[in-house]
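Trainee: Next up, target_22.txt (compact mmCIF, C-alpha atoms and all ligand atoms).
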# COMPACT_ATOMS: atom_id res chain seq x y z
CA MET A 110 -67.06 33.80 -47.32
CA SER A 111 -69.70 33.09 -44.67
CA ASP A 112 -67.35 30.83 -42.72
CA ARG A 113 -64.95 33.73 -42.05
CA LEU A 114 -64.77 34.73 -38.41
CA ARG A 115 -65.93 38.35 -38.18
CA PHE A 116 -63.91 40.54 -35.84
CA GLY A 117 -64.28 43.83 -34.02
CA ILE A 118 -61.39 45.62 -32.30
CA LEU A 119 -61.82 47.61 -29.09
CA GLY A 120 -59.00 50.15 -28.66
CA CYS A 121 -57.12 51.68 -31.60
CA GLY A 122 -53.92 52.98 -29.98
CA VAL A 123 -50.51 51.36 -30.48
CA ILE A 124 -51.52 47.68 -30.60
CA GLY A 125 -55.06 47.85 -32.06
CA PRO A 126 -53.76 48.46 -35.62
CA HIS A 127 -51.53 45.33 -35.33
CA HIS A 128 -54.69 43.30 -34.76
CA ALA A 129 -56.29 45.00 -37.77
CA ARG A 130 -53.29 44.08 -39.90
CA ALA A 131 -53.24 40.51 -38.58
CA ILE A 132 -56.97 39.98 -39.21
CA THR A 133 -56.98 41.51 -42.70
CA GLY A 134 -53.88 39.45 -43.50
CA MET A 135 -55.98 36.25 -43.31
CA PRO A 136 -58.83 37.05 -45.75
CA ASP A 137 -59.79 33.39 -46.18
CA ILE A 138 -60.62 32.85 -42.54
CA ALA A 139 -61.12 36.29 -40.98
CA GLU A 140 -62.81 39.61 -41.67
CA LEU A 141 -62.51 42.95 -39.87
CA VAL A 142 -66.03 44.38 -39.49
CA ALA A 143 -65.64 47.33 -37.11
CA VAL A 144 -63.34 49.06 -34.63
CA ALA A 145 -64.03 51.32 -31.65
CA ASP A 146 -62.11 53.81 -29.55
CA THR A 147 -63.29 56.47 -27.14
CA VAL A 148 -60.94 58.81 -29.03
CA PRO A 149 -62.98 58.89 -32.27
CA ASP A 150 -60.07 59.99 -34.51
CA ARG A 151 -58.15 56.83 -33.67
CA ALA A 152 -61.05 54.56 -34.61
CA GLN A 153 -61.68 56.54 -37.80
CA LYS A 154 -58.04 56.29 -38.83
CA VAL A 155 -57.88 52.50 -38.43
CA ALA A 156 -61.30 52.09 -40.10
CA GLY A 157 -60.11 54.20 -43.04
CA GLU A 158 -56.92 52.23 -43.42
CA TYR A 159 -58.53 48.78 -43.20
CA GLY A 160 -61.93 49.53 -44.73
CA CYS A 161 -64.33 48.79 -41.87
CA ALA A 162 -66.93 50.56 -39.72
CA HIS A 163 -66.00 52.59 -36.63
CA HIS A 164 -67.60 53.52 -33.31
CA ASP A 165 -66.69 55.84 -30.45
CA ASN A 166 -67.77 53.49 -27.64
CA ALA A 167 -67.64 49.84 -26.64
CA ALA A 168 -71.40 49.30 -26.34
CA ASP A 169 -72.06 50.08 -30.01
CA LEU A 170 -69.30 47.68 -31.08
CA LEU A 171 -70.51 44.90 -28.79
CA GLY A 172 -74.12 45.47 -29.87
CA ARG A 173 -73.36 44.60 -33.50
CA GLU A 174 -74.86 41.28 -34.53
CA ASP A 175 -72.46 40.89 -37.46
CA ILE A 176 -69.41 40.44 -35.17
CA HIS A 177 -68.40 37.02 -33.81
CA ALA A 178 -65.22 37.95 -31.92
CA VAL A 179 -63.68 41.05 -30.34
CA CYS A 180 -60.01 41.88 -29.78
CA ILE A 181 -59.56 43.77 -26.51
CA CYS A 182 -56.74 46.31 -27.06
CA THR A 183 -57.48 48.79 -24.27
CA PRO A 184 -55.27 49.61 -21.23
CA SER A 185 -54.28 46.51 -19.25
CA GLY A 186 -56.34 47.15 -16.11
CA THR A 187 -59.55 47.26 -18.17
CA HIS A 188 -59.06 43.98 -20.05
CA ALA A 189 -61.13 41.61 -17.91
CA GLU A 190 -64.03 44.04 -17.59
CA HIS A 191 -64.20 44.61 -21.36
CA ALA A 192 -63.73 40.90 -22.06
CA MET A 193 -66.58 39.97 -19.70
CA ASP A 194 -68.84 42.56 -21.41
CA ALA A 195 -67.94 41.08 -24.80
CA LEU A 196 -68.56 37.48 -23.66
CA ARG A 197 -71.92 38.48 -22.16
CA ALA A 198 -72.75 40.09 -25.50
CA GLY A 199 -72.14 36.68 -27.11
CA LYS A 200 -68.70 37.37 -28.63
CA HIS A 201 -65.57 35.26 -28.48
CA VAL A 202 -62.62 37.33 -27.25
CA VAL A 203 -58.92 37.83 -27.94
CA ILE A 204 -57.39 39.79 -25.07
CA GLU A 205 -54.09 41.65 -25.25
CA LYS A 206 -51.46 40.86 -22.62
CA PRO A 207 -51.57 40.95 -19.67
CA VAL A 208 -54.97 39.26 -19.36
CA ASP A 209 -55.54 41.76 -16.53
CA VAL A 210 -53.50 43.05 -13.60
CA GLN A 211 -55.33 41.50 -10.60
CA LEU A 212 -56.05 37.82 -10.00
CA GLY A 213 -59.56 38.42 -8.59
CA VAL A 214 -60.89 39.95 -11.77
CA ILE A 215 -59.08 37.33 -13.89
CA ASP A 216 -60.85 34.60 -11.91
CA ALA A 217 -64.17 36.37 -12.47
CA LEU A 218 -63.39 36.40 -16.20
CA ILE A 219 -62.67 32.65 -16.14
CA GLU A 220 -66.11 32.06 -14.59
CA VAL A 221 -67.88 34.17 -17.22
CA GLN A 222 -65.96 32.49 -20.02
CA ARG A 223 -66.91 29.04 -18.76
CA ALA A 224 -70.56 30.05 -18.22
CA THR A 225 -70.91 31.51 -21.72
CA ASN A 226 -69.02 28.61 -23.32
CA LEU A 227 -67.34 31.05 -25.73
CA LYS A 228 -63.61 31.10 -26.53
CA ALA A 229 -61.12 33.46 -24.91
CA ALA A 230 -57.49 33.72 -25.99
CA VAL A 231 -54.82 35.97 -24.48
CA ILE A 232 -51.99 37.34 -26.61
CA SER A 233 -48.50 36.01 -25.94
CA GLN A 234 -47.34 36.23 -29.53
CA HIS A 235 -43.72 35.24 -28.87
CA ARG A 236 -44.87 31.70 -28.10
CA TRP A 237 -45.27 31.50 -31.90
CA ASP A 238 -41.68 32.55 -32.64
CA ILE A 239 -39.90 29.65 -34.34
CA ALA A 240 -37.08 29.79 -31.77
CA THR A 241 -39.56 29.52 -28.91
CA GLN A 242 -41.41 26.63 -30.53
CA ILE A 243 -38.12 24.75 -31.00
CA VAL A 244 -36.99 25.27 -27.40
CA HIS A 245 -40.41 24.46 -25.96
CA GLU A 246 -40.61 21.24 -27.96
CA ALA A 247 -37.04 20.33 -26.89
CA THR A 248 -37.68 20.82 -23.16
CA ARG A 249 -40.96 18.88 -23.37
CA ALA A 250 -39.16 16.01 -25.13
CA GLY A 251 -36.33 16.06 -22.57
CA ARG A 252 -33.69 16.90 -25.20
CA PHE A 253 -31.70 19.04 -22.72
CA GLY A 254 -31.81 16.30 -20.08
CA ARG A 255 -32.68 17.37 -16.57
CA LEU A 256 -33.45 21.11 -16.57
CA THR A 257 -31.11 22.94 -14.20
CA LEU A 258 -31.30 26.72 -14.86
CA GLY A 259 -33.43 29.17 -16.79
CA THR A 260 -32.95 32.91 -17.15
CA ALA A 261 -34.98 35.75 -18.65
CA GLN A 262 -33.18 39.03 -19.24
CA VAL A 263 -34.93 42.04 -20.72
CA SER A 264 -32.59 45.02 -21.06
CA TRP A 265 -34.89 47.56 -22.66
CA TRP A 266 -35.30 51.32 -22.63
CA ARG A 267 -38.50 53.32 -22.52
CA SER A 268 -38.20 57.11 -22.48
CA GLN A 269 -40.09 59.39 -20.14
CA GLY A 270 -41.95 60.49 -23.28
CA TYR A 271 -43.20 56.92 -23.72
CA TYR A 272 -44.61 56.89 -20.19
CA ASP A 273 -46.14 60.35 -20.68
CA SER A 274 -47.81 59.26 -23.95
CA GLY A 275 -50.83 57.75 -22.17
CA GLU A 276 -52.29 58.64 -18.78
CA TRP A 277 -52.65 54.97 -17.93
CA ARG A 278 -48.97 54.12 -18.55
CA GLY A 279 -46.86 53.60 -15.45
CA THR A 280 -49.86 53.48 -13.10
CA TRP A 281 -50.63 50.60 -10.75
CA ALA A 282 -54.35 50.72 -11.49
CA LEU A 283 -54.23 50.50 -15.28
CA ASP A 284 -50.71 49.33 -16.26
CA GLY A 285 -50.57 47.05 -13.22
CA GLY A 286 -46.81 47.48 -12.94
CA GLY A 287 -43.92 48.65 -15.08
CA ALA A 288 -40.97 46.90 -16.71
CA LEU A 289 -42.35 43.56 -15.54
CA MET A 290 -46.12 43.71 -16.03
CA ASN A 291 -45.95 45.61 -19.31
CA GLN A 292 -42.69 44.72 -21.08
CA SER A 293 -40.85 41.71 -19.60
CA ILE A 294 -44.07 39.72 -19.25
CA HIS A 295 -43.38 38.32 -22.74
CA THR A 296 -39.98 36.80 -21.87
CA LEU A 297 -41.12 35.69 -18.41
CA ASP A 298 -44.09 33.93 -19.98
CA LEU A 299 -41.74 32.08 -22.34
CA LEU A 300 -39.46 31.15 -19.44
CA GLN A 301 -42.25 29.55 -17.44
CA TRP A 302 -43.73 27.96 -20.56
CA VAL A 303 -40.49 26.18 -21.48
CA MET A 304 -39.14 25.49 -17.96
CA GLY A 305 -42.46 24.63 -16.26
CA PRO A 306 -44.29 26.26 -13.35
CA ILE A 307 -42.51 28.73 -11.03
CA THR A 308 -43.20 27.96 -7.37
CA GLU A 309 -41.15 30.55 -5.44
CA VAL A 310 -39.66 34.01 -6.07
CA SER A 311 -37.40 36.40 -4.15
CA ALA A 312 -37.16 39.83 -5.73
CA TYR A 313 -36.14 43.46 -5.60
CA THR A 314 -37.60 46.22 -7.74
CA GLY A 315 -36.61 49.85 -8.24
CA LEU A 316 -37.71 53.07 -9.89
CA LEU A 317 -34.39 54.46 -11.05
CA ALA A 318 -34.48 56.31 -14.35
CA HIS A 319 -37.98 57.76 -14.70
CA GLU A 320 -40.25 60.21 -12.95
CA ARG A 321 -44.01 60.70 -13.02
CA ILE A 322 -44.60 56.94 -12.88
CA GLU A 323 -45.73 54.88 -9.92
CA VAL A 324 -44.25 51.56 -10.95
CA GLU A 325 -40.86 49.82 -11.29
CA ASP A 326 -38.46 50.39 -14.17
CA ALA A 327 -36.03 47.72 -12.91
CA ALA A 328 -36.54 44.32 -11.29
CA VAL A 329 -34.40 41.33 -10.40
CA ALA A 330 -35.63 38.02 -9.07
CA ILE A 331 -34.42 34.59 -8.07
CA LEU A 332 -36.85 31.88 -9.14
CA LYS A 333 -37.50 28.27 -8.22
CA PHE A 334 -39.29 25.94 -10.61
CA ALA A 335 -41.54 23.02 -9.68
CA ASN A 336 -39.08 20.60 -11.30
CA GLY A 337 -36.30 21.76 -8.94
CA ALA A 338 -34.51 23.97 -11.49
CA LEU A 339 -33.40 27.47 -10.50
CA GLY A 340 -33.90 30.70 -12.41
CA LEU A 341 -32.99 34.35 -12.69
CA LEU A 342 -34.94 37.30 -13.99
CA LYS A 343 -33.59 40.71 -14.98
CA ALA A 344 -36.27 43.08 -16.25
CA THR A 345 -35.83 46.74 -17.02
CA THR A 346 -36.96 49.68 -19.13
CA ALA A 347 -33.99 51.66 -17.77
CA ALA A 348 -31.15 50.17 -19.88
CA TYR A 349 -30.31 52.95 -22.32
CA PRO A 350 -30.31 52.77 -25.34
CA GLY A 351 -32.28 49.51 -25.16
CA LEU A 352 -30.61 46.16 -25.78
CA THR A 353 -31.79 42.59 -25.94
CA ALA A 354 -34.51 40.33 -24.65
CA ARG A 355 -32.80 37.05 -23.91
CA LEU A 356 -33.91 33.63 -22.72
CA GLU A 357 -31.47 30.95 -21.60
CA VAL A 358 -32.37 27.37 -20.79
CA HIS A 359 -29.86 24.88 -19.42
CA GLY A 360 -29.97 21.19 -18.64
CA ASP A 361 -27.45 18.43 -17.98
CA ARG A 362 -27.66 17.27 -21.64
CA GLY A 363 -28.10 20.55 -23.49
CA SER A 364 -28.76 24.29 -23.57
CA ALA A 365 -30.50 26.90 -25.68
CA ILE A 366 -30.29 30.67 -25.96
CA ILE A 367 -32.88 32.86 -27.65
CA SER A 368 -31.82 36.45 -28.23
CA ASN A 369 -34.25 39.01 -29.65
CA ASP A 370 -36.59 36.22 -30.75
CA GLU A 371 -33.87 34.35 -32.70
CA LEU A 372 -32.31 31.01 -31.78
CA ASP A 373 -28.70 31.98 -31.00
CA TYR A 374 -27.51 28.74 -29.49
CA TYR A 375 -28.84 25.18 -29.27
CA HIS A 376 -27.13 22.02 -28.20
CA SER A 377 -28.72 18.71 -27.34
CA ALA A 378 -26.21 15.96 -26.59
CA PRO A 379 -26.40 13.14 -29.12
CA GLU A 380 -26.56 9.67 -27.59
CA GLY A 381 -23.12 8.66 -26.30
CA GLU A 382 -21.73 12.22 -26.21
CA GLN A 383 -19.66 12.59 -23.07
CA GLY A 384 -18.23 16.10 -23.42
CA ALA A 385 -15.09 17.43 -21.80
CA ASP A 386 -14.78 17.36 -18.02
CA TYR A 387 -14.66 21.14 -17.86
CA GLY A 388 -17.16 21.78 -20.64
CA ALA A 389 -16.49 23.22 -24.06
CA SER A 390 -17.31 26.92 -23.74
CA GLY A 391 -20.35 26.98 -25.97
CA SER A 392 -19.03 24.86 -28.80
CA GLY A 393 -21.25 22.45 -30.71
CA ASN A 394 -23.87 25.00 -31.69
CA GLN A 395 -26.61 23.06 -33.53
CA ALA A 396 -28.88 26.11 -33.99
CA GLU A 397 -28.58 26.25 -37.78
CA GLU A 398 -29.22 22.53 -38.09
CA VAL A 399 -32.37 22.52 -35.95
CA LEU A 400 -33.66 25.65 -37.64
CA SER A 401 -33.29 24.06 -41.07
CA GLN A 402 -35.02 20.89 -39.84
CA TYR A 403 -37.88 22.94 -38.41
CA GLY A 404 -38.60 24.55 -41.77
CA THR A 405 -39.56 28.12 -42.52
CA ARG A 406 -42.60 30.06 -41.40
CA GLU A 407 -44.02 29.61 -44.93
CA SER A 408 -45.09 26.13 -43.88
CA GLY A 409 -46.79 27.45 -40.73
CA PRO A 410 -50.42 28.39 -40.14
CA THR A 411 -50.18 31.68 -42.04
CA ALA A 412 -48.30 30.37 -45.08
CA GLY A 413 -47.95 33.02 -47.74
CA SER A 414 -48.03 35.96 -45.35
CA ASP A 415 -45.42 38.68 -45.48
CA PRO A 416 -42.56 37.47 -43.25
CA ALA A 417 -41.45 41.05 -42.66
CA SER A 418 -44.75 41.97 -41.07
CA LEU A 419 -44.56 43.10 -37.46
CA SER A 420 -47.96 41.57 -36.93
CA MET A 421 -46.92 38.12 -38.12
CA THR A 422 -46.87 36.31 -34.78
CA HIS A 423 -50.11 38.05 -33.79
CA ARG A 424 -51.48 36.56 -37.01
CA ASP A 425 -50.26 33.10 -36.04
CA GLN A 426 -51.88 33.36 -32.63
CA LEU A 427 -55.14 34.68 -34.13
CA ALA A 428 -55.07 31.74 -36.56
CA ASP A 429 -54.87 29.39 -33.55
CA PHE A 430 -57.82 31.25 -31.97
CA ILE A 431 -59.90 30.95 -35.16
CA CYS A 432 -59.14 27.19 -35.30
CA ALA A 433 -60.14 26.91 -31.64
CA VAL A 434 -63.52 28.52 -32.39
CA ARG A 435 -64.08 26.34 -35.46
CA GLU A 436 -62.98 23.10 -33.80
CA ASN A 437 -64.56 23.90 -30.45
CA ARG A 438 -61.27 23.41 -28.59
CA GLU A 439 -59.33 25.65 -26.22
CA PRO A 440 -56.92 28.20 -27.74
CA LEU A 441 -53.26 27.50 -26.93
CA VAL A 442 -53.15 30.49 -24.55
CA ASN A 443 -56.51 30.63 -22.80
CA VAL A 444 -57.26 32.72 -19.71
CA GLU A 445 -56.10 30.02 -17.26
CA GLU A 446 -52.79 29.76 -19.12
CA ALA A 447 -52.34 33.56 -19.25
CA ARG A 448 -53.12 33.87 -15.54
CA LYS A 449 -49.91 31.97 -14.67
CA VAL A 450 -47.44 34.68 -15.65
CA VAL A 451 -49.54 37.39 -13.99
CA ALA A 452 -49.50 35.35 -10.76
CA VAL A 453 -45.68 35.14 -10.96
CA ILE A 454 -45.36 38.90 -11.53
CA LEU A 455 -47.68 39.69 -8.61
CA ALA A 456 -45.61 37.32 -6.43
CA ILE A 457 -42.46 39.19 -7.49
CA TYR A 458 -44.06 42.51 -6.49
CA ASP A 459 -45.11 40.97 -3.18
CA SER A 460 -41.59 39.73 -2.47
CA ALA A 461 -40.07 43.11 -3.39
CA ARG A 462 -42.54 44.93 -1.13
CA HIS A 463 -41.32 42.71 1.71
CA GLY A 464 -37.61 43.36 1.19
CA GLY A 465 -36.93 40.31 -0.99
CA ARG A 466 -38.64 37.78 1.28
CA PRO A 467 -39.44 34.53 -0.61
CA THR A 468 -43.01 34.45 -1.91
CA HIS A 469 -44.61 31.11 -2.76
CA LEU A 470 -47.05 30.57 -5.57
N1 LIG B 501 -48.57 42.09 -27.49
C1 LIG B 501 -47.78 43.14 -27.55
O1 LIG B 501 -46.62 43.07 -28.00
C2 LIG B 501 -48.29 44.47 -27.09
C3 LIG B 501 -47.67 45.65 -27.52
C4 LIG B 501 -48.20 46.89 -27.09
C5 LIG B 501 -49.29 46.91 -26.23
N2 LIG B 501 -49.84 45.73 -25.79
C6 LIG B 501 -50.97 45.75 -24.84
O2 LIG B 501 -52.09 46.33 -25.49
C7 LIG B 501 -52.85 47.11 -24.56
C8 LIG B 501 -52.98 48.53 -25.14
O3 LIG B 501 -51.69 49.10 -25.25
P1 LIG B 501 -51.39 50.29 -26.26
O4 LIG B 501 -49.95 50.53 -26.19
O5 LIG B 501 -52.06 50.01 -27.57
O6 LIG B 501 -52.18 51.48 -25.52
P2 LIG B 501 -52.74 52.81 -26.15
O7 LIG B 501 -52.99 53.75 -25.04
O8 LIG B 501 -51.88 53.23 -27.28
O9 LIG B 501 -54.14 52.33 -26.77
C9 LIG B 501 -55.27 52.01 -25.98
C10 LIG B 501 -56.49 52.59 -26.68
O10 LIG B 501 -57.66 52.16 -25.98
C11 LIG B 501 -58.60 53.24 -26.02
N3 LIG B 501 -59.60 53.04 -24.98
C12 LIG B 501 -59.42 53.14 -23.64
N4 LIG B 501 -60.57 52.85 -23.01
C13 LIG B 501 -61.48 52.54 -23.96
C14 LIG B 501 -62.85 52.14 -23.94
N5 LIG B 501 -63.52 52.00 -22.78
N6 LIG B 501 -63.47 51.90 -25.11
C15 LIG B 501 -62.81 52.04 -26.28
N7 LIG B 501 -61.52 52.41 -26.37
C16 LIG B 501 -60.85 52.66 -25.22
C17 LIG B 501 -57.73 54.48 -25.84
O11 LIG B 501 -58.39 55.66 -26.27
C18 LIG B 501 -56.50 54.13 -26.67
O12 LIG B 501 -56.62 54.59 -28.01
C19 LIG B 501 -52.08 47.07 -23.24
O13 LIG B 501 -52.71 46.14 -22.40
C20 LIG B 501 -50.70 46.60 -23.62
O14 LIG B 501 -50.08 45.83 -22.60
C21 LIG B 501 -49.38 44.54 -26.23
Spit out the file's structure as structure tokens when you get a sec.

Mentor:
Amino acid sequence: MSDRLRFGILGCGVIGPHHARAITGMPDIAELVAVADTVPDRAQKVAGEYGCAHHDNAADLLGREDIHAVCICTPSGTHAEHAMDALRAGKHVVIEKPVDVQLGVIDALIEVQRATNLKAAVISQHRWDIATQIVHEATRAGRFGRLTLGTAQVSWWRSQGYYDSGEWRGTWALDGGGALMNQSIHTLDLLQWVMGPITEVSAYTGLLAHERIEVEDAAVAILKFANGALGLLKATTAAYPGLTARLEVHGDRGSAIISNDELDYYHSAPEGEQGADYGASGSGNQAEEVLSQYGTRESGPTAGSDPASLSMTHRDQLADFICAVRENREPLVNVEEARKVVAVILAIYDSARHGGRPTHL
């Protein structure tokens, strides 16, 4: 039991309980010791449900000597500050996305993390979706040939009630942005992870379907990747009633489409395949075949966990973090890695503020 990594959770709103479920779902390697929230009822509720201690402030949580790692689940614009406090208190950290909303404070966090020599992971749980892993592996191995186009489309809906549910939501200071910084960051992160670094953006943003928020609820952008490929982004929380999150990757030897986290389409040209001069309108879908070759999640890092659990990919990412601590290696998504998508989003905001002028990264 003593080799279990002992966790605390800071922030018990919407996402904090997912961390509690993920941690308690890995009893062989992790233990939930305590949670904290400045709204005491929220901490008490999570503590009651998961059988741990609770506090009404961060200092008491960070002061506990029986905690090795802290999950930061507070509003986005407070992440780096809380993470630096936790690192200085000698704790490893798991930080919810986005790592923070300004590059300056993210860079300060990187310095503290390096100086303390503790581990810091940032949540991007969809990198652990099987569809994402397949497409990432395929692009890295060149199975789609030369990459030509990549698109991320997030056609979601968030009601005014959602934005009104927390004072920090929809503010520049604490949410750091809207449909992009809060919601579409997941799909944009996957896009740049599978296609490679984004070097230039031209964008427009709008606030079209909500009031009492400062930030965008719609954004479009044209993207250029370092490898020469081109990209498109559509990101909104103003598409009633809320539709899909979709990622498309194209190359001159294959394509893949992920829709709502599932692999919808996959084709990688077998050696010698020529194809018709005018293409074949999406025929030759190999998705089922590659999915069956990949195996099921039961063979993954959290084998035996409940596949229906909403917290399953959080669990997979936390398992990677725990391995990183044990093996003294970097987690798959460390702060430097998580900084990339924030830099792209801030470049998109910059371009939109300047009437769509290209912004270079
Ligand atoms: N990975 C995902 O899919 C996902 C989903 C939802 C939210 N998130 C991220 O999680 C973070 C929190 O979002 P949420 O929807 O849970 O917000 P929320 O408002 O529901 O919860 C945040 C909680 O933090 C508490 N808090 C604020 N300041 C605190 C402090 N100094 N000390 C202790 N507690 C404090 C608040 O009282 C609140 O209960 C955001 O950064 C968001 O982007 C990620």

Trainee: Centre and edge lengths, as lines of an AutoDock Vina configuration file, for the axis-aligned box enclosing every listed atom of stretch 162-170 of chain A with 6 Å of padding on each of the six sides, in Å to one decimal?

Mentor:
center_x = -69.0
center_y = 51.8
center_z = -33.0
size_x = 18.1
size_y = 20.2
size_z = 25.4

Trainee: Which residues, written as number ranges by chain, have at least one atom at most 7 Å from A:Ala344, with all atoms listed in the file counted and residues fewer than 2 positions away on the same chain left out?

Mentor: A: 262-264, 288-289, 293, 327-329, 342

Trainee: Give me the residues within 7 Å of stretch 197-203 of chain A as a list in words, counting only C-alpha atoms and dropping any in the same chain fewer than 4 places off.

Mentor: Leu171, His177, Ala178, Val179, Cys180, Ile181, Ala192, Met193, Leu227, Lys228, Ala229, Ala230 and Val231 of chain A

Trainee: Take atom O2 of ligand LIG 501 (chain B) and atom CA of A:His128 and report the distance between them in Å, one decimal.

Mentor: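 Going from atom O2 of ligand LIG 501 (chain B) over to atom CA of A:His128, I get 10.1 Å.
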
Trainee: Using all atoms listed in the file, which residues of the polymer chains come no farther than 6 Å from ligand LIG 501 (chain B)? I'd like the answer as a ChimeraX atom specification.

Mentor: /A:119-125,145-148,166-167,182-185,205-207,232,275,291

Trainee: Smallest atom-to-atom distance to A:Glu357: which of A:Trp265, A:Asp386, A:Pro467, A:His245, using only C-alpha atoms?

Mentor: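 Smallest distance to A:Glu357 is found for A:His245.
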
Trainee: What is the distance between atom CA of A:Gly160 and atom CA of A:Ala131, in Å to one decimal?

Mentor: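 That distance, rounded to one decimal, is 14.0 Å.
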
Trainee: Taking 3 positions as the minimum chain separation for residues in the same chain, which residues sit within 12 Å of A:Thr468 when counting all atoms listed in the file? Answer as a PDB file with C-alpha atoms, in the frame of the given file.

Mentor:
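out-v6.pdb, written as the output of this step:
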ATOM      1  CA  ILE A 307     -42.510  28.730 -11.030  1.00  0.00           C
ATOM      2  CA  THR A 308     -43.200  27.960  -7.370  1.00  0.00           C
ATOM      3  CA  GLU A 309     -41.150  30.550  -5.440  1.00  0.00           C
ATOM      4  CA  VAL A 310     -39.660  34.010  -6.070  1.00  0.00           C
ATOM      5  CA  SER A 311     -37.400  36.400  -4.150  1.00  0.00           C
ATOM      6  CA  ALA A 312     -37.160  39.830  -5.730  1.00  0.00           C
ATOM      7  CA  TYR A 313     -36.140  43.460  -5.600  1.00  0.00           C
ATOM      8  CA  ALA A 330     -35.630  38.020  -9.070  1.00  0.00           C
ATOM      9  CA  ILE A 331     -34.420  34.590  -8.070  1.00  0.00           C
ATOM     10  CA  LEU A 332     -36.850  31.880  -9.140  1.00  0.00           C
ATOM     11  CA  LYS A 333     -37.500  28.270  -8.220  1.00  0.00           C
ATOM     12  CA  ALA A 452     -49.500  35.350 -10.760  1.00  0.00           C
ATOM     13  CA  VAL A 453     -45.680  35.140 -10.960  1.00  0.00           C
ATOM     14  CA  ILE A 454     -45.360  38.900 -11.530  1.00  0.00           C
ATOM     15  CA  LEU A 455     -47.680  39.690  -8.610  1.00  0.00           C
ATOM     16  CA  ALA A 456     -45.610  37.320  -6.430  1.00  0.00           C
ATOM     17  CA  ILE A 457     -42.460  39.190  -7.490  1.00  0.00           C
ATOM     18  CA  TYR A 458     -44.060  42.510  -6.490  1.00  0.00           C
ATOM     19  CA  ASP A 459     -45.110  40.970  -3.180  1.00  0.00           C
ATOM     20  CA  SER A 460     -41.590  39.730  -2.470  1.00  0.00           C
ATOM     21  CA  ALA A 461     -40.070  43.110  -3.390  1.00  0.00           C
ATOM     22  CA  ARG A 462     -42.540  44.930  -1.130  1.00  0.00           C
ATOM     23  CA  HIS A 463     -41.320  42.710   1.710  1.00  0.00           C
ATOM     24  CA  GLY A 464     -37.610  43.360   1.190  1.00  0.00           C
ATOM     25  CA  GLY A 465     -36.930  40.310  -0.990  1.00  0.00           C
TER      26      GLY A 465
END

Trainee: Using all atoms listed in the file, which of the listed residues (A:Tyr272, A:Trp237, A:Tyr387, A:Phe334) sits closest to A:Leu256?

Mentor: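 For A:Leu256, the nearest of the candidates is A:Phe334.
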